[in-house]
Protein chains: 2
Amino acid sequence: MERLGNLMRTELRKSGSDESLQPVHLQALVYLSKANRYSNTPQALADYLGLTKGTVSQTLLLLDRRGLIERFEDDIDRRVVRLRLSASGERLLYESQPALAWQNATRNISPNRIRNAVSALREALETLQEDNEGTMFGDCQSCSWSQKLSQRIYRCGRMGDRLSGPETRKICRIYQAKVEESV
Amino acid sequence: MERLGNLMRTELRKSGSDESLQPVHLQALVYLSKANRYSNTPQALADYLGLTKGTVSQTLLLLDRRGLIERFEDDIDRRVVRLRLSASGERLLYESQPALAWQNATRNISPNRIRNAVSALREALETLQEDNEGTMFGDCQSCSWSQKLSQRIYRCGRMGDRLSGPETRKICRIYQAKVEESV
DNA sequence: CTTTTTCGTATCGATCCGATACTAATGGGG
DNA sequence: CCCCATTAGTATCGGATCGATACGAAAAAG
């Protein structure tokens, strides 16, 4: 596992160096490309990366100067800043394709084994997040707040919003694992 | 997977901050604690971490000043420097126990599922290392150079040395995956 | 005995990162 | 309504990582 972590970071460093970006910048872009409406803020990104908000603020400043992200105020709470990838940010991510290396790496493994491994890792991730008593991250699929309204429409019981199908597959910071009782 | 990588790094950062060490320092210590006789050099560590040798050289300088590692010349090739953990380095590693978090995270998963997941990940890791055309790392167990001489004694066909049982489970930089033909 | 290659170190500049202090907005008491 | 606490984000400073480059020394090649 440690070796995998190193390789992932090496990979990030390499693909980032083409654009003279640091690993953390690419990580931020990847996160923003997958964060849902509750999770596209500087604070959420800081929790996700395990960095302080001050540090992340500078990272975002740089990404903004580069034109890779856009920032705009929230309508309701005017303290929070909403983030999203700009067109060029999406293009950059698409061209560097961090996920591609993984697809290649697993090309010789049967889909069934991959599914099993992924589910085991997901469990480990859940336990690890609990132990770290930090913010939990996950998607609606295994979140106890998620409610299915119809074939395609879901609802977050915590926030009260209706969510489209694609949005239920994004990363959320108010994720709460099923199974366990919700506090 | 990306989330796991982040959490690992966050974990490293946290346990390192107690001793005011950076994540990369702990990674270096962990590596050195598991590197075999062919792999305990600055260059090997640089390949492992995906950093340049100059960068690693400074990291080692710091660890040396802290008394966490020991450096000494190689007897045969007097250019290379051999590295090993000092007593206090081992103690530090033992106390921070980076592996402990993983053991806890997998406590609720059946050993069988873990075995399957590990083997799938190992395959992915192998393919990933091949794609990256960098140095391969692995242990004798699945290395094509390894020869079993007796119940407990192994031999590296590449270097011609006899290796003890424990040493065959360490990380080696001249690893060559089985299955595929050796070039 | 040259020339080249390889292992490691030294120095410099860019930049990440945490700590601290700060502003602004929200929310909760009384 | 006012004061205080909390939260989101920014600004600034110093320490330290990291890559690039240059360098020295030993080994290998020719």
# chains A, B, ... in the order shown; residues from 1 in each chain; ligands from 1

call {"tool": "residues_around", "arguments": {"residues": "region 15-30 of chain C", "least_positions_apart": "5", "cutoff": "10 Å", "atoms": "only C-alpha atoms (C1' of nucleotides)", "output": "JSON, numbers by chain"}}
result
{"A": [22, 24, 51, 52, 53, 54, 55, 56, 58, 59, 77, 78, 79, 80], "D": [2, 3, 4, 5, 6, 7, 8, 9, 10, 11, 12, 13, 14, 15, 16, 17, 18]}

call {"tool": "closest_atom_pairs", "arguments": {"of": "chain B", "to": "chain A", "cutoff": "6 Å", "atoms": "only C-alpha atoms", "output": "Markdown table"}}
result
| residue | atom | partner | partner_atom | distance |
| --- | --- | --- | --- | --- |
| B:Gly5 | CA | A:Gly5 | CA | 5.3 |
| B:Asn6 | CA | A:Leu49 | CA | 5.9 |
| B:Thr10 | CA | A:Gly50 | CA | 5.2 |
| B:Leu49 | CA | A:Asn6 | CA | 5.9 |
| B:Gly50 | CA | A:Thr10 | CA | 5.2 |
| B:Ala105 | CA | A:Ala124 | CA | 4.9 |
| B:Thr106 | CA | A:Ala124 | CA | 5.3 |
| B:Ala117 | CA | A:Ala117 | CA | 4.2 |
| B:Ala124 | CA | A:Ala105 | CA | 4.9 |
| B:Thr127 | CA | A:Ala105 | CA | 5.0 |
| B:Leu128 | CA | A:Ala105 | CA | 5.0 |

call {"tool": "residues_around", "arguments": {"residues": "DA28 (chain D)", "least_positions_apart": "4", "cutoff": "12 Å", "atoms": "only C-alpha atoms (C1' of nucleotides)", "output": "list in words"}}
result
Asp77 of chain B; DT3, DT4, DT5 and DT6 of chain C

call {"tool": "select_by_dssp", "arguments": {"residues": "region 34-159 of chain A", "states": "alpha helix (DSSP H)", "output": "VMD selection string"}}
result
chain A and resid 34 42 to 49 53 to 65 87 to 96 98 to 105 111 to 131

call {"tool": "residues_around", "arguments": {"residues": "DG24 (chain D)", "least_positions_apart": "4", "cutoff": "12 Å", "atoms": "only C-alpha atoms (C1' of nucleotides)", "output": "ChimeraX atom specification"}}
result
/B:79 /C:7-10

call {"tool": "interface_residues", "arguments": {"of": "chain D", "to": "chain B", "cutoff": "8 Å", "atoms": "only C-alpha atoms (C1' of nucleotides)", "output": "PyMOL selection string"}}
result
chain D and resi 18-19+25-27

call {"tool": "select_by_dssp", "arguments": {"residues": "chain B", "states": "strand (DSSP E)", "output": "JSON, numbers by chain"}}
result
{"B": [69, 70, 71, 72, 73, 81, 82, 83, 84, 85, 146, 147, 148, 154, 155, 156, 162, 163]}

call {"tool": "write_last_selection", "arguments": {"atoms": "C-alpha atoms", "output": "short mmCIF file (atom, residue, chain, number, x, y, z; two decimals), in the first residue's frame"}}
result
data_model
loop_
_atom_site.label_atom_id
_atom_site.label_comp_id
_atom_site.auth_asym_id
_atom_site.auth_seq_id
_atom_site.Cartn_x
_atom_site.Cartn_y
_atom_site.Cartn_z
CA ILE B 69 20.06 6.88 10.55
CA GLU B 70 23.66 5.84 10.13
CA ARG B 71 25.71 6.14 6.96
CA PHE B 72 28.85 4.25 6.12
CA GLU B 73 30.88 3.54 3.04
CA VAL B 81 26.85 4.99 0.83
CA ARG B 82 25.04 2.36 2.84
CA LEU B 83 22.19 3.46 5.06
CA ARG B 84 20.53 1.88 8.01
CA LEU B 85 18.32 2.96 10.86
CA SER B 146 15.15 -15.97 -6.54
CA GLN B 147 16.31 -19.57 -6.13
CA LYS B 148 15.48 -21.82 -3.23
CA TYR B 154 17.63 -18.77 -0.74
CA ARG B 155 19.89 -17.36 -3.37
CA CYS B 156 19.69 -14.35 -5.67
CA ARG B 162 22.84 -16.42 -0.47
CA LEU B 163 19.99 -14.81 1.40
#

call {"tool": "atom_distance", "arguments": {"atom1": "CA of Leu68 (chain A)", "atom2": "CA of Leu93 (chain A)"}}
result
9.7 Å

call {"tool": "atom_distance", "arguments": {"atom1": "CA of Ala177 (chain A)", "atom2": "CA of Arg152 (chain A)"}}
result
21.5 Å

call {"tool": "atom_distance", "arguments": {"atom1": "CA of Leu60 (chain B)", "atom2": "CA of Ala46 (chain B)"}}
result
10.6 Å

call {"tool": "decode", "arguments": {"residues": "chain C", "atoms": "C-alpha atoms (C1' of nucleotides)", "output": "PDB file, in the first residue's frame"}}
result
ATOM      1  C1'  DC C   1      46.123   6.307 -19.540  1.00  0.00           C
ATOM      2  C1'  DT C   2      42.031   8.970 -21.216  1.00  0.00           C
ATOM      3  C1'  DT C   3      37.070   9.177 -21.465  1.00  0.00           C
ATOM      4  C1'  DT C   4      32.675   8.131 -19.863  1.00  0.00           C
ATOM      5  C1'  DT C   5      29.494   6.714 -16.563  1.00  0.00           C
ATOM      6  C1'  DT C   6      27.675   6.389 -11.964  1.00  0.00           C
ATOM      7  C1'  DC C   7      27.048   7.631  -6.896  1.00  0.00           C
ATOM      8  C1'  DG C   8      26.768  11.135  -3.894  1.00  0.00           C
ATOM      9  C1'  DT C   9      27.087  16.091  -2.258  1.00  0.00           C
ATOM     10  C1'  DA C  10      26.604  21.337  -2.360  1.00  0.00           C
ATOM     11  C1'  DT C  11      24.303  25.472  -3.557  1.00  0.00           C
ATOM     12  C1'  DC C  12      20.480  28.345  -5.183  1.00  0.00           C
ATOM     13  C1'  DG C  13      15.898  29.729  -6.150  1.00  0.00           C
ATOM     14  C1'  DA C  14      11.002  28.675  -6.256  1.00  0.00           C
ATOM     15  C1'  DT C  15       7.263  27.284  -3.681  1.00  0.00           C
ATOM     16  C1'  DC C  16       4.776  24.525  -0.381  1.00  0.00           C
ATOM     17  C1'  DC C  17       3.122  24.493   4.204  1.00  0.00           C
ATOM     18  C1'  DG C  18       1.927  25.705   9.099  1.00  0.00           C
ATOM     19  C1'  DA C  19       1.312  29.313  12.518  1.00  0.00           C
ATOM     20  C1'  DT C  20      -0.526  33.416  13.570  1.00  0.00           C
ATOM     21  C1'  DA C  21      -3.209  37.316  13.094  1.00  0.00           C
ATOM     22  C1'  DC C  22      -6.810  39.455  10.771  1.00  0.00           C
ATOM     23  C1'  DT C  23     -11.540  40.711   8.473  1.00  0.00           C
ATOM     24  C1'  DA C  24     -16.157  39.656   7.533  1.00  0.00           C
ATOM     25  C1'  DA C  25     -20.410  37.215   8.043  1.00  0.00           C
ATOM     26  C1'  DT C  26     -23.477  34.203  10.745  1.00  0.00           C
ATOM     27  C1'  DG C  27     -25.826  32.752  14.886  1.00  0.00           C
ATOM     28  C1'  DG C  28     -27.028  32.566  19.687  1.00  0.00           C
ATOM     29  C1'  DG C  29     -27.950  34.387  24.060  1.00  0.00           C
ATOM     30  C1'  DG C  30     -29.621  38.207  27.082  1.00  0.00           C
TER      31       DG C  30
END
